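Colleague: Got a structure for you, coords_19.txt, holding compact mmCIF, C-alpha atoms and all ligand atoms.
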```txt
# COMPACT_ATOMS: atom_id res chain seq x y z
CA MET V 1 5.68 -4.48 -10.18
CA VAL V 2 4.45 -1.07 -9.13
CA ASP V 3 1.33 -0.26 -7.15
CA PRO V 4 -0.23 2.57 -9.18
CA ARG V 5 -2.61 3.62 -6.41
CA ILE V 6 0.04 5.34 -4.32
CA SER V 7 0.67 7.99 -6.93
CA VAL V 8 -2.87 9.44 -6.79
CA VAL V 9 -3.32 9.61 -3.04
CA ASN V 10 -2.24 13.21 -2.62
CA GLU V 11 -4.08 14.22 -5.77
CA ARG V 12 -7.29 12.93 -4.15
CA LEU V 13 -6.62 14.93 -1.00
CA LYS V 14 -5.41 18.13 -2.61
CA ASN V 15 -8.63 20.07 -2.05
CA ILE V 16 -8.52 19.56 1.70
CA GLU V 17 -7.18 22.42 3.78
CA ASN V 18 -6.59 20.53 7.05
CA ILE V 19 -6.28 16.79 7.57
CA VAL V 20 -6.51 16.08 11.28
CA ALA V 21 -5.83 12.54 12.49
CA VAL V 22 -7.35 11.90 15.92
CA SER V 23 -4.97 9.44 17.43
CA SER V 24 -3.53 7.95 20.61
CA GLY V 25 -1.06 5.31 21.59
CA LYS V 26 -3.82 3.74 23.65
CA GLY V 27 -7.19 2.22 22.85
CA GLY V 28 -10.50 3.21 24.35
CA VAL V 29 -9.50 6.76 25.28
CA GLY V 30 -12.27 8.44 23.27
CA LYS V 31 -10.72 8.95 19.82
CA SER V 32 -13.86 7.99 17.93
CA LEU V 33 -16.14 10.02 20.14
CA VAL V 34 -13.88 13.07 19.95
CA ALA V 35 -13.35 12.68 16.18
CA SER V 36 -17.10 12.41 15.49
CA THR V 37 -18.07 15.25 17.79
CA LEU V 38 -15.25 17.44 16.53
CA ALA V 39 -16.30 16.89 12.92
CA LEU V 40 -19.95 17.69 13.75
CA THR V 41 -18.90 20.82 15.63
CA LEU V 42 -16.73 22.10 12.79
CA ALA V 43 -19.55 21.49 10.33
CA LYS V 44 -21.99 23.30 12.59
CA LYS V 45 -19.64 26.28 12.68
CA GLY V 46 -19.91 26.43 8.91
CA CYS V 47 -16.65 24.71 7.95
CA LYS V 48 -16.83 22.19 5.12
CA THR V 49 -15.93 19.04 6.97
CA GLY V 50 -15.37 15.37 6.27
CA LEU V 51 -15.06 12.43 8.63
CA PHE V 52 -13.04 9.39 7.60
CA ASP V 53 -13.16 6.29 9.80
CA LEU V 54 -9.87 4.46 9.44
CA ASP V 55 -10.55 1.90 12.12
CA PHE V 56 -11.35 -0.86 9.64
CA THR V 57 -11.56 -3.78 12.03
CA SER V 58 -13.55 -1.95 14.74
CA PRO V 59 -15.28 1.01 13.12
CA SER V 60 -17.36 3.06 15.55
CA THR V 61 -18.14 6.47 14.12
CA HIS V 62 -21.19 5.22 12.20
CA LEU V 63 -22.67 4.07 15.51
CA ILE V 64 -21.88 7.35 17.22
CA LEU V 65 -23.52 9.30 14.39
CA GLY V 66 -26.36 6.82 13.98
CA VAL V 67 -25.73 6.47 10.25
CA GLN V 68 -28.52 4.61 8.51
CA GLU V 69 -27.78 2.18 5.76
CA MET V 70 -26.54 4.03 2.68
CA GLN V 71 -24.11 3.70 -0.19
CA PRO V 72 -21.59 6.15 -1.63
CA LYS V 73 -22.24 7.33 -5.16
CA GLU V 74 -19.95 5.93 -7.81
CA GLU V 75 -18.59 8.59 -10.11
CA LYS V 76 -15.12 8.01 -11.49
CA GLY V 77 -14.34 6.83 -8.00
CA ILE V 78 -16.53 7.01 -4.92
CA ILE V 79 -18.14 10.10 -3.49
CA PRO V 80 -18.60 10.16 0.29
CA PRO V 81 -22.28 10.64 1.16
CA GLU V 82 -23.36 13.54 3.32
CA VAL V 83 -24.37 12.65 6.86
CA TYR V 84 -25.45 15.37 9.31
CA GLY V 85 -23.56 17.97 7.30
CA LEU V 86 -20.43 15.82 7.07
CA LYS V 87 -18.89 14.11 4.07
CA TYR V 88 -18.65 10.71 5.65
CA MET V 89 -16.55 7.72 4.66
CA SER V 90 -16.31 4.39 6.43
CA ILE V 91 -15.63 0.79 5.53
CA VAL V 92 -19.07 -0.12 6.90
CA TYR V 93 -20.63 0.94 3.60
CA TYR V 94 -19.02 -2.23 2.27
CA SER V 95 -18.68 -4.52 5.28
CA GLY V 96 -22.26 -3.86 6.32
CA ASN V 97 -21.29 -3.75 9.99
CA GLN V 98 -20.20 -7.38 9.88
CA VAL V 99 -16.90 -8.63 11.22
CA THR V 100 -13.94 -7.82 8.97
CA PRO V 101 -10.88 -9.61 10.33
CA LEU V 102 -7.81 -8.05 8.71
CA ARG V 103 -4.09 -8.60 9.06
CA GLY V 104 -1.71 -5.65 8.91
CA ALA V 105 -1.02 -5.97 5.18
CA ASP V 106 -4.77 -6.07 4.50
CA VAL V 107 -5.37 -2.97 6.61
CA SER V 108 -2.69 -1.23 4.64
CA ASN V 109 -4.14 -2.34 1.30
CA ALA V 110 -7.67 -1.31 2.19
CA LEU V 111 -6.43 2.06 3.37
CA ILE V 112 -4.48 2.71 0.15
CA GLU V 113 -7.51 1.61 -1.89
CA LEU V 114 -9.85 4.02 -0.11
CA LEU V 115 -7.36 6.87 -0.33
CA ALA V 116 -6.93 6.22 -4.05
CA ILE V 117 -10.59 5.98 -5.03
CA THR V 118 -12.41 8.37 -2.67
CA ARG V 119 -13.08 11.74 -4.23
CA TRP V 120 -13.32 14.32 -1.48
CA GLU V 121 -14.61 17.67 -2.54
CA LYS V 122 -13.16 20.94 -1.31
CA LEU V 123 -13.02 20.70 2.47
CA ASP V 124 -11.77 22.92 5.27
CA PHE V 125 -11.28 19.92 7.53
CA LEU V 126 -11.02 16.19 7.14
CA VAL V 127 -11.15 14.57 10.57
CA VAL V 128 -9.69 11.08 10.58
CA ASP V 129 -10.64 8.60 13.29
CA MET V 130 -7.59 6.41 13.79
CA PRO V 131 -7.42 2.90 15.20
CA PRO V 132 -5.58 2.60 18.52
CA GLY V 133 -1.83 2.41 18.73
CA ILE V 134 0.99 2.94 16.30
CA GLY V 135 0.27 0.37 13.63
CA ASP V 136 -0.38 0.04 9.93
CA ALA V 137 -2.97 2.79 9.57
CA THR V 138 -0.80 5.32 11.38
CA LEU V 139 2.34 4.35 9.49
CA ASP V 140 0.56 4.44 6.13
CA LEU V 141 -0.96 7.81 6.84
CA LEU V 142 2.49 9.10 7.72
CA ARG V 143 4.01 7.47 4.65
CA LEU V 144 1.41 8.49 2.09
CA VAL V 145 -0.43 11.62 3.15
CA LYS V 146 1.34 14.93 2.93
CA ASN V 147 0.07 17.62 5.29
CA VAL V 148 -1.46 15.38 7.92
CA LYS V 149 -1.61 16.79 11.44
CA PHE V 150 -2.24 14.89 14.64
CA LEU V 151 -4.63 15.59 17.45
CA VAL V 152 -3.63 13.31 20.28
CA ILE V 153 -6.00 11.98 22.94
CA THR V 154 -5.02 10.75 26.37
CA THR V 155 -6.87 9.96 29.58
CA PRO V 156 -5.68 11.05 33.03
CA SER V 157 -3.94 7.69 33.37
CA ARG V 158 -0.18 7.51 33.28
CA LEU V 159 -0.61 4.31 31.28
CA ALA V 160 -2.35 6.24 28.54
CA PHE V 161 0.03 9.13 28.71
CA GLU V 162 3.12 6.96 28.38
CA THR V 163 1.78 5.59 25.07
CA VAL V 164 1.03 9.15 23.99
CA ARG V 165 4.59 10.14 24.79
CA LYS V 166 5.81 7.44 22.41
CA LEU V 167 3.43 8.53 19.67
CA VAL V 168 4.60 12.12 20.10
CA SER V 169 8.19 11.02 19.88
CA LEU V 170 7.50 9.20 16.61
CA LEU V 171 5.66 12.20 15.14
CA ARG V 172 8.35 14.63 16.21
CA GLY V 173 11.06 12.46 14.71
CA LEU V 174 9.21 12.66 11.39
CA GLU V 175 8.47 16.37 11.80
CA ILE V 176 4.72 15.81 11.65
CA PRO V 177 2.72 18.69 13.13
CA ILE V 178 0.92 17.95 16.39
CA VAL V 179 -2.09 20.20 16.90
CA GLY V 180 -2.13 19.43 20.60
CA ILE V 181 -3.19 17.01 23.29
CA VAL V 182 -6.64 16.52 24.78
CA GLU V 183 -7.19 14.93 28.19
CA ASN V 184 -10.42 12.95 28.09
CA MET V 185 -12.48 11.22 30.81
CA LYS V 186 -11.27 13.49 33.54
CA MET V 187 -12.64 12.64 36.96
CA ASP V 188 -10.73 14.92 39.34
CA ASP V 189 -8.77 18.14 39.03
CA SER V 190 -5.28 16.68 38.84
CA LYS V 191 -2.90 18.79 36.78
CA PHE V 192 -0.59 15.86 36.09
CA ILE V 193 -1.29 15.51 32.36
CA GLN V 194 -1.40 19.22 31.73
CA THR V 195 2.03 19.62 33.31
CA GLN V 196 3.44 16.71 31.34
CA VAL V 197 2.11 18.16 28.10
CA LYS V 198 3.61 21.56 28.86
CA ASN V 199 6.92 19.86 29.64
CA LEU V 200 6.80 18.28 26.21
CA GLY V 201 6.35 21.75 24.78
CA LEU V 202 3.01 20.88 23.19
CA PRO V 203 -0.31 22.75 23.30
CA PHE V 204 -2.70 21.38 25.94
CA LEU V 205 -6.02 21.80 24.16
CA GLY V 206 -8.25 21.11 27.12
CA GLU V 207 -9.86 18.55 29.37
CA ILE V 208 -13.11 16.71 28.85
CA PRO V 209 -14.81 15.39 31.98
CA PHE V 210 -16.12 11.86 32.25
CA ASP V 211 -19.69 12.40 31.08
CA ASN V 212 -22.15 9.74 32.15
CA LYS V 213 -24.84 11.13 29.81
CA ILE V 214 -22.75 10.17 26.78
CA GLU V 215 -23.92 6.60 26.44
CA ASP V 216 -27.51 7.80 26.06
CA ALA V 217 -26.51 10.13 23.26
CA ILE V 218 -24.73 7.53 21.14
CA GLY V 219 -26.48 7.30 17.79
CA ASN V 220 -28.35 10.55 18.28
CA VAL V 221 -26.47 13.54 16.92
CA ASP V 222 -28.79 16.21 18.34
CA LYS V 223 -28.53 14.75 21.79
CA LEU V 224 -24.78 14.28 21.45
CA LEU V 225 -24.26 17.95 20.61
CA GLU V 226 -26.15 18.89 23.78
CA THR V 227 -23.79 17.03 26.11
CA VAL V 228 -21.10 18.50 28.35
CA PHE V 229 -18.70 16.42 26.28
CA ALA V 230 -19.71 18.27 23.11
CA LYS V 231 -19.44 21.67 24.78
CA LYS V 232 -15.87 20.86 25.70
CA VAL V 233 -15.09 19.60 22.22
CA GLU V 234 -16.49 22.89 20.91
CA SER V 235 -13.93 24.86 22.86
CA ILE V 236 -11.21 22.55 21.55
CA ALA V 237 -12.45 23.01 17.98
CA ALA V 238 -12.08 26.75 18.41
CA LYS V 239 -8.35 26.23 18.90
CA LEU V 240 -7.81 24.37 15.63
CA MET B 1 -17.35 3.71 -12.48
CA HIS B 2 -14.56 3.42 -10.06
CA GLU B 3 -12.37 1.91 -12.79
CA TRP B 4 -11.76 5.55 -13.73
CA ALA B 5 -10.11 6.20 -10.42
CA LEU B 6 -7.86 3.20 -10.98
CA ALA B 7 -7.08 4.26 -14.55
CA GLU B 8 -6.09 7.68 -13.25
CA ALA B 9 -3.76 5.97 -10.82
CA VAL B 10 -2.17 4.00 -13.67
CA ILE B 11 -1.65 7.10 -15.82
CA SER B 12 -0.31 9.07 -12.90
CA ALA B 13 2.08 6.30 -11.82
CA VAL B 14 3.37 5.74 -15.37
CA SER B 15 3.83 9.49 -15.84
CA GLN B 16 5.87 9.66 -12.66
CA ILE B 17 8.05 6.72 -13.68
CA ALA B 18 8.52 8.10 -17.20
CA GLU B 19 9.52 11.44 -15.73
CA LYS B 20 12.05 9.82 -13.44
CA GLU B 21 13.55 7.65 -16.14
CA GLY B 22 13.61 10.37 -18.77
CA ILE B 23 11.10 8.61 -21.06
CA ARG B 24 9.66 11.03 -23.64
CA GLU B 25 7.17 8.70 -25.20
CA VAL B 26 5.64 5.68 -23.56
CA THR B 27 5.21 2.85 -26.07
CA GLU B 28 3.88 0.04 -23.95
CA VAL B 29 2.33 -0.37 -20.52
CA LYS B 30 1.54 -3.80 -19.14
CA VAL B 31 -1.13 -3.80 -16.47
CA LYS B 32 -2.19 -6.79 -14.43
CA VAL B 33 -5.69 -6.91 -13.06
CA GLY B 34 -6.40 -9.33 -10.26
CA GLU B 35 -9.73 -11.15 -10.44
CA LEU B 36 -10.48 -10.52 -6.79
CA GLN B 37 -11.29 -6.89 -7.60
CA GLN B 38 -13.41 -7.83 -10.64
CA VAL B 39 -12.32 -4.76 -12.55
CA GLU B 40 -14.19 -4.33 -15.82
CA ILE B 41 -11.37 -4.44 -18.34
CA ASP B 42 -13.39 -2.70 -21.06
CA ILE B 43 -14.08 0.24 -18.82
CA LEU B 44 -10.49 0.36 -17.62
CA GLU B 45 -9.28 0.34 -21.22
CA TYR B 46 -11.70 3.02 -22.22
CA ALA B 47 -10.78 5.18 -19.24
CA LEU B 48 -7.09 4.79 -20.03
CA SER B 49 -7.70 5.86 -23.62
CA GLN B 50 -9.60 8.93 -22.44
CA LEU B 51 -7.05 9.93 -19.83
CA LYS B 52 -4.04 9.74 -22.16
CA THR B 53 -1.76 12.74 -22.20
CA GLU B 54 0.84 13.62 -24.84
CA LYS B 55 3.36 11.14 -23.52
CA PHE B 56 0.87 8.36 -24.16
CA GLU B 57 -0.14 9.08 -27.75
CA LYS B 58 1.46 5.91 -29.08
CA THR B 59 1.05 3.76 -26.01
CA LYS B 60 -0.21 0.23 -26.25
CA PHE B 61 -1.91 -0.71 -23.01
CA SER B 62 -1.92 -4.42 -22.50
CA ILE B 63 -4.20 -5.53 -19.72
CA GLU B 64 -3.94 -9.03 -18.42
CA LYS B 65 -6.11 -10.82 -15.91
CA ALA B 66 -4.62 -12.72 -13.00
CA GLU B 67 -6.52 -15.37 -11.09
CA ALA B 68 -7.01 -14.58 -7.43
CA ARG B 69 -5.27 -17.31 -5.47
CA LEU B 70 -6.14 -17.53 -1.81
CA LYS B 71 -4.35 -19.53 0.86
CA CYS B 72 -5.69 -20.37 4.28
CA ARG B 73 -3.32 -19.46 7.09
CA VAL B 74 -4.87 -21.99 9.43
CA CYS B 75 -5.00 -25.21 7.39
CA GLY B 76 -2.85 -24.29 4.39
CA HIS B 77 -5.55 -24.97 1.79
CA GLU B 78 -5.19 -23.05 -1.49
CA TRP B 79 -8.08 -22.13 -3.74
CA ILE B 80 -9.11 -19.78 -6.52
CA PHE B 81 -11.54 -16.98 -5.79
CA ASN B 82 -14.77 -17.35 -7.70
CA LYS B 83 -17.17 -14.45 -7.76
CA GLU B 84 -19.99 -16.55 -9.19
CA LYS B 85 -20.66 -17.92 -5.74
CA LEU B 86 -21.32 -14.46 -4.30
CA ASP B 87 -24.45 -12.35 -4.45
CA GLU B 88 -24.26 -9.08 -6.35
CA LYS B 89 -23.98 -6.81 -3.33
CA THR B 90 -21.14 -8.81 -1.83
CA ALA B 91 -19.28 -8.98 -5.14
CA GLU B 92 -19.63 -5.24 -5.46
CA ALA B 93 -18.31 -4.58 -1.95
CA ILE B 94 -15.22 -6.67 -2.79
CA HIS B 95 -14.91 -4.77 -6.06
CA PHE B 96 -14.51 -1.50 -4.15
CA ILE B 97 -12.33 -2.79 -1.31
CA PRO B 98 -10.92 -6.24 -2.08
CA GLU B 99 -10.04 -6.80 1.60
CA ILE B 100 -13.78 -7.01 2.28
CA VAL B 101 -13.35 -10.56 0.99
CA HIS B 102 -12.44 -11.42 4.59
CA THR B 103 -15.94 -10.45 5.65
CA TYR B 104 -17.74 -12.72 3.23
CA VAL B 105 -15.42 -15.52 2.16
CA HIS B 106 -14.10 -18.32 4.36
CA CYS B 107 -11.69 -21.16 3.73
CA PRO B 108 -13.68 -23.90 1.95
CA LYS B 109 -11.85 -26.53 4.00
CA CYS B 110 -11.83 -25.21 7.58
CA ASP B 111 -14.12 -22.16 7.39
CA SER B 112 -11.47 -19.72 8.66
CA PRO B 113 -11.53 -16.08 7.46
CA ASP B 114 -7.79 -15.92 8.10
CA PHE B 115 -6.46 -16.42 4.59
CA GLU B 116 -3.93 -14.69 2.44
CA VAL B 117 -4.41 -13.32 -1.07
CA LEU B 118 -1.33 -14.82 -2.70
CA GLU B 119 -1.96 -13.24 -6.07
CA GLY B 120 -4.59 -11.42 -8.08
CA ARG B 121 -5.78 -8.74 -5.68
CA GLY B 122 -6.08 -5.53 -7.70
CA VAL B 123 -4.39 -3.40 -10.33
CA TRP B 124 -0.62 -3.56 -10.79
CA LEU B 125 1.84 -2.10 -13.23
CA GLU B 126 3.85 -4.96 -14.62
CA SER B 127 6.16 -3.12 -17.02
CA ILE B 128 6.65 0.05 -18.99
CA LYS B 129 8.48 0.58 -22.26
CA GLY B 130 9.30 3.86 -23.92
CA VAL B 131 11.62 6.02 -25.97
CA LYS B 132 14.05 8.28 -24.15
N1 LIG V 301 -15.62 11.86 28.28
C1 LIG V 301 -16.25 10.68 28.30
N2 LIG V 301 -17.16 10.40 29.24
C2 LIG V 301 -17.78 9.21 29.30
N3 LIG V 301 -17.59 8.24 28.40
C3 LIG V 301 -16.70 8.45 27.42
C4 LIG V 301 -15.97 9.67 27.31
N4 LIG V 301 -15.17 9.59 26.23
C5 LIG V 301 -15.37 8.38 25.69
N5 LIG V 301 -16.28 7.69 26.39
C6 LIG V 301 -16.75 6.32 26.16
O1 LIG V 301 -15.62 5.46 26.23
C7 LIG V 301 -15.69 4.44 25.27
C8 LIG V 301 -14.48 4.52 24.34
O2 LIG V 301 -14.61 5.65 23.52
P1 LIG V 301 -14.20 5.60 22.00
O3 LIG V 301 -14.76 4.42 21.34
O4 LIG V 301 -14.45 6.93 21.41
O5 LIG V 301 -12.63 5.38 22.22
P2 LIG V 301 -11.53 5.05 21.12
O6 LIG V 301 -10.27 5.67 21.62
O7 LIG V 301 -12.00 5.44 19.80
O8 LIG V 301 -11.45 3.48 21.24
P3 LIG V 301 -10.65 2.50 20.22
O9 LIG V 301 -9.22 2.61 20.63
O10 LIG V 301 -11.23 1.14 20.49
O11 LIG V 301 -10.90 2.99 18.84
C9 LIG V 301 -17.00 4.60 24.55
O12 LIG V 301 -17.95 3.79 25.14
C10 LIG V 301 -17.32 6.07 24.77
O13 LIG V 301 -18.69 6.32 24.74
MG MG V 302 -12.17 4.27 18.05
ZN ZN V 303 -8.49 -23.47 6.15
```
Take the structure in this file and express it as structure tokens.

Modeller:
Amino acid sequence: MVDPRISVVNERLKNIENIVAVSSGKGGVGKSLVASTLALTLAKKGCKTGLFDLDFTSPSTHLILGVQEMQPKEEKGIIPPEVYGLKYMSIVYYSGNQVTPLRGADVSNALIELLAITRWEKLDFLVVDMPPGIGDATLDLLRLVKNVKFLVITTPSRLAFETVRKLVSLLRGLEIPIVGIVENMKMDDSKFIQTQVKNLGLPFLGEIPFDNKIEDAIGNVDKLLETVFAKKVESIAAKL
Amino acid sequence: MHEWALAEAVISAVSQIAEKEGIREVTEVKVKVGELQQVEIDILEYALSQLKTEKFEKTKFSIEKAEARLKCRVCGHEWIFNKEKLDEKTAEAIHFIPEIVHTYVHCPKCDSPDFEVLEGRGVWLESIKGVK
């Protein structure tokens, strides 16, 4: 028995210049917010950009963008609809924002299905919002997708950074490119993370302060792009 | 018609296997289609016939349906997935991503969404025959 889907995955992604997985060993560090804002910023700069939410059990990017109910077009596969200038794909088109409890094997199957049937057009960037940790989605992306790069998010906490160190070690072992590390939710001017990142020999892409205006901007793209958070993400985007 | 995307996957996978095994001409491909995904066999067949390359000129595609057997992880109950009980939108969501079944279907005995799809999820290649 052979799973035929695997063999078309890279064919489906072949028109994409850069696939950037926004990832972290830790949960709640701002992956979804960075991924969404980064994708919007790249699109605003004129790059053809897609956003792919791979957090199937707890998708968030549709809430951050304020995506209204819509359905992808079906055309020899599925075509991601355009949302605020982004080609946007999420499981919520099908789960309707209801609970989708999935075991690891199910996550893996759903991921392979979406990779096999989604027809992305020519893109400069596909930003991928990853679920937390080093689990099925991360391993499948590494197993199936050629040319994926990782943008790694940490907070100032040593607890977050230690998980990031492990993720980096995994990626390095597999010779997967790491675009760099972003320190999010910064509240003082400690240089701890920056030093650690330099010691690892990785690019430190910048710090994003804790921004208490963010919550108000969730679901409102115009407002989101006006935040300090977005300005910082803009300077990070320039380094990609 | 997302059956096309699946048909492309079948052709591409068979081509890769044929290449690896040194098969010049594929004579038979057996495909299993799980009922959970509710793939339209006619469309799949048509798409396969349209996507054929040289290697497939004489290929007989045999497509077989497999019942979707589900088993509850909590109480152990086994049952067969039946799309008739679902509304159209739900059935369609499961058609695109079969795992969405966990959003809409619960164990008929204990109501848990924590069940396993034992068999009959999606499209599988069962066997390939050819001339070397
Ligand atoms: N720089 C920031 N300032 C203030 N709040 C932030 C900042 N970054 C993220 N947040 C908030 O922190 C919470 C977690 O962010 P987000 O959901 O993006 O994290 P995540 O890493 O994707 O989480 P998960 O691991 O669950 O996917 C959200 O409520 C978000 O609005
Ligand atoms: Mg997230
Ligand atoms: Zn049960």

Colleague: What's the 12 Å shell around Leu170 (chain V), counting all atoms listed in the file, without same-chain residues fewer than 4 positions away, as an mmCIF file with C-alpha atoms, in the coordinates of the input?

Modeller:
```cif
data_model
loop_
_atom_site.group_PDB
_atom_site.id
_atom_site.type_symbol
_atom_site.label_atom_id
_atom_site.label_comp_id
_atom_site.auth_asym_id
_atom_site.auth_seq_id
_atom_site.Cartn_x
_atom_site.Cartn_y
_atom_site.Cartn_z
ATOM 1 C CA SER V 24 -3.530 7.950 20.610
ATOM 2 C CA GLY V 25 -1.060 5.310 21.590
ATOM 3 C CA GLY V 133 -1.830 2.410 18.730
ATOM 4 C CA ILE V 134 0.990 2.940 16.300
ATOM 5 C CA GLY V 135 0.270 0.370 13.630
ATOM 6 C CA THR V 138 -0.800 5.320 11.380
ATOM 7 C CA LEU V 139 2.340 4.350 9.490
ATOM 8 C CA LEU V 142 2.490 9.100 7.720
ATOM 9 C CA PHE V 150 -2.240 14.890 14.640
ATOM 10 C CA THR V 163 1.780 5.590 25.070
ATOM 11 C CA VAL V 164 1.030 9.150 23.990
ATOM 12 C CA ARG V 165 4.590 10.140 24.790
ATOM 13 C CA LYS V 166 5.810 7.440 22.410
ATOM 14 C CA LEU V 174 9.210 12.660 11.390
ATOM 15 C CA GLU V 175 8.470 16.370 11.800
ATOM 16 C CA ILE V 176 4.720 15.810 11.650
ATOM 17 C CA PRO V 177 2.720 18.690 13.130
ATOM 18 C CA ILE V 178 0.920 17.950 16.390
#
```

Colleague: Neighbouring residues of ligand MG 302 (chain V) are defined here as those with any atom at most 9 Å from a ligand atom, counting only C-alpha atoms and all ligand atoms; list them as a compact mmCIF listing (two decimals) with C-alpha atoms, in the coordinates of the input.

Modeller:
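And here is the file that came out, pocket.txt:
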```txt
# COMPACT_ATOMS: atom_id res chain seq x y z
CA SER V 23 -4.97 9.44 17.43
CA GLY V 27 -7.19 2.22 22.85
CA GLY V 28 -10.50 3.21 24.35
CA VAL V 29 -9.50 6.76 25.28
CA GLY V 30 -12.27 8.44 23.27
CA LYS V 31 -10.72 8.95 19.82
CA SER V 32 -13.86 7.99 17.93
CA LEU V 33 -16.14 10.02 20.14
CA ALA V 35 -13.35 12.68 16.18
CA ASP V 53 -13.16 6.29 9.80
CA LEU V 54 -9.87 4.46 9.44
CA ASP V 55 -10.55 1.90 12.12
CA SER V 58 -13.55 -1.95 14.74
CA PRO V 59 -15.28 1.01 13.12
CA SER V 60 -17.36 3.06 15.55
CA THR V 61 -18.14 6.47 14.12
CA ASP V 129 -10.64 8.60 13.29
CA MET V 130 -7.59 6.41 13.79
CA PRO V 131 -7.42 2.90 15.20
CA PRO V 132 -5.58 2.60 18.52
```

Colleague: Can you find the residues with an atom no farther than 6 Å from (-6.6, -24.3, 9.1), counting all atoms listed in the file, and report them as an mmCIF file with C-alpha atoms, in the coordinates of the input?

Modeller:
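Here's the written file part22.cif:
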```
data_model
loop_
_atom_site.group_PDB
_atom_site.id
_atom_site.type_symbol
_atom_site.label_atom_id
_atom_site.label_comp_id
_atom_site.auth_asym_id
_atom_site.auth_seq_id
_atom_site.Cartn_x
_atom_site.Cartn_y
_atom_site.Cartn_z
ATOM 1 C CA VAL B 74 -4.870 -21.990 9.430
ATOM 2 C CA CYS B 75 -5.000 -25.210 7.390
ATOM 3 C CA CYS B 110 -11.830 -25.210 7.580
#
```

Colleague: Using all atoms listed in the file, which residue out of B:Ala91, B:Ile97, B:Leu48, B:Leu70 lies closest to ligand ZN 303 (chain V)?

Modeller: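 Result for the nearest residue to ligand ZN 303 (chain V): B:Leu70.
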
Colleague: At a cut-off of 10 Å, can you tabulate as a Markdown table every residue of chain B near chain V together with its closest atom pair and the distance in Å to one decimal, using all atoms listed in the file and ordering rows by chain then number?

Modeller:
```
| residue | atom | partner | partner_atom | distance |
| --- | --- | --- | --- | --- |
| B:Met1 | CA | V:Lys76 | CA | 4.9 |
| B:His2 | CA | V:Gly77 | CA | 4.0 |
| B:Glu3 | CA | V:Lys76 | CA | 6.8 |
| B:Trp4 | CA | V:Lys76 | CA | 4.7 |
| B:Ala5 | CA | V:Gly77 | CA | 4.9 |
| B:Leu6 | CA | V:Arg5 | CA | 7.0 |
| B:Ala7 | CA | V:Pro4 | CA | 8.9 |
| B:Glu8 | CA | V:Val8 | CA | 7.4 |
| B:Ala9 | CA | V:Arg5 | CA | 5.1 |
| B:Val10 | CA | V:Pro4 | CA | 5.1 |
| B:Ile11 | CA | V:Pro4 | CA | 8.2 |
| B:Ser12 | CA | V:Ser7 | CA | 6.1 |
| B:Ala13 | CA | V:Pro4 | CA | 5.1 |
| B:Val14 | CA | V:Pro4 | CA | 7.8 |
| B:Ser15 | CA | V:Ser7 | CA | 9.6 |
| B:Gln16 | CA | V:Ser7 | CA | 7.9 |
| B:Ile17 | CA | V:Val2 | CA | 9.7 |
| B:Lys30 | CA | V:Met1 | CA | 9.9 |
| B:Val31 | CA | V:Met1 | CA | 9.3 |
| B:Lys32 | CA | V:Met1 | CA | 9.2 |
| B:Ala47 | CA | V:Lys76 | CA | 9.3 |
| B:Lys89 | CA | V:Tyr94 | CA | 8.8 |
| B:Thr90 | CA | V:Tyr94 | CA | 8.0 |
| B:Glu92 | CA | V:Tyr94 | CA | 8.3 |
| B:Ala93 | CA | V:Tyr94 | CA | 4.9 |
| B:Ile94 | CA | V:Tyr94 | CA | 7.7 |
| B:His95 | CA | V:Tyr94 | CA | 9.6 |
| B:Phe96 | CA | V:Tyr94 | CA | 7.9 |
| B:Ile97 | CA | V:Ala110 | CA | 6.0 |
| B:Pro98 | CA | V:Ala110 | CA | 7.3 |
| B:Glu99 | CA | V:Ala110 | CA | 6.0 |
| B:Ile100 | CA | V:Ser95 | CA | 6.3 |
| B:Val101 | CA | V:Thr100 | CA | 8.5 |
| B:His102 | CA | V:Thr100 | CA | 5.9 |
| B:Thr103 | CA | V:Thr100 | CA | 4.7 |
| B:Tyr104 | CA | V:Thr100 | CA | 8.4 |
| B:Pro113 | CA | V:Pro101 | CA | 7.1 |
| B:Asp114 | CA | V:Pro101 | CA | 7.4 |
| B:Phe115 | CA | V:Arg103 | CA | 9.3 |
| B:Glu116 | CA | V:Asp106 | CA | 8.9 |
| B:Val117 | CA | V:Asp106 | CA | 9.1 |
| B:Arg121 | CA | V:Asn109 | CA | 9.6 |
| B:Gly122 | CA | V:Asp3 | CA | 9.1 |
| B:Val123 | CA | V:Asp3 | CA | 7.3 |
| B:Trp124 | CA | V:Asp3 | CA | 5.3 |
| B:Leu125 | CA | V:Val2 | CA | 5.0 |
| B:Glu126 | CA | V:Met1 | CA | 4.8 |
| B:Ser127 | CA | V:Met1 | CA | 7.0 |
| B:Ile128 | CA | V:Met1 | CA | 10.0 |
```

Colleague: Between CA of Ala21 (chain V) and CA of Lys231 (chain V), what distance in Å does the model show, to one decimal?

Modeller: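 If I compute the distance from CA of Ala21 (chain V) to CA of Lys231 (chain V), I get 20.5 Å.
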
Colleague: Measuring between all atoms listed in the file, which one of V:Cys47, V:Asp222, V:Leu86, V:Leu171 shows the shortest distance to Lys149 (chain V)?

Modeller: V:Leu171

Colleague: So how far away is CA of Leu141 (chain V) from CA of Glu183 (chain V), in Å?

Modeller: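 It comes out at 23.4 Å.
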
Colleague: Find the spatial neighbours of Gly46 (chain V), counting only C-alpha atoms, within a cut-off of 12 Å - ignore same-chain residues fewer than 3 positions away - and output them as a list of chain:residue names.

Modeller: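 Surrounding residues, per the criterion: V:Ala39, V:Leu40, V:Thr41, V:Leu42, V:Ala43, V:Thr49, V:Gly85, V:Leu86, V:Leu123, V:Asp124, V:Phe125.
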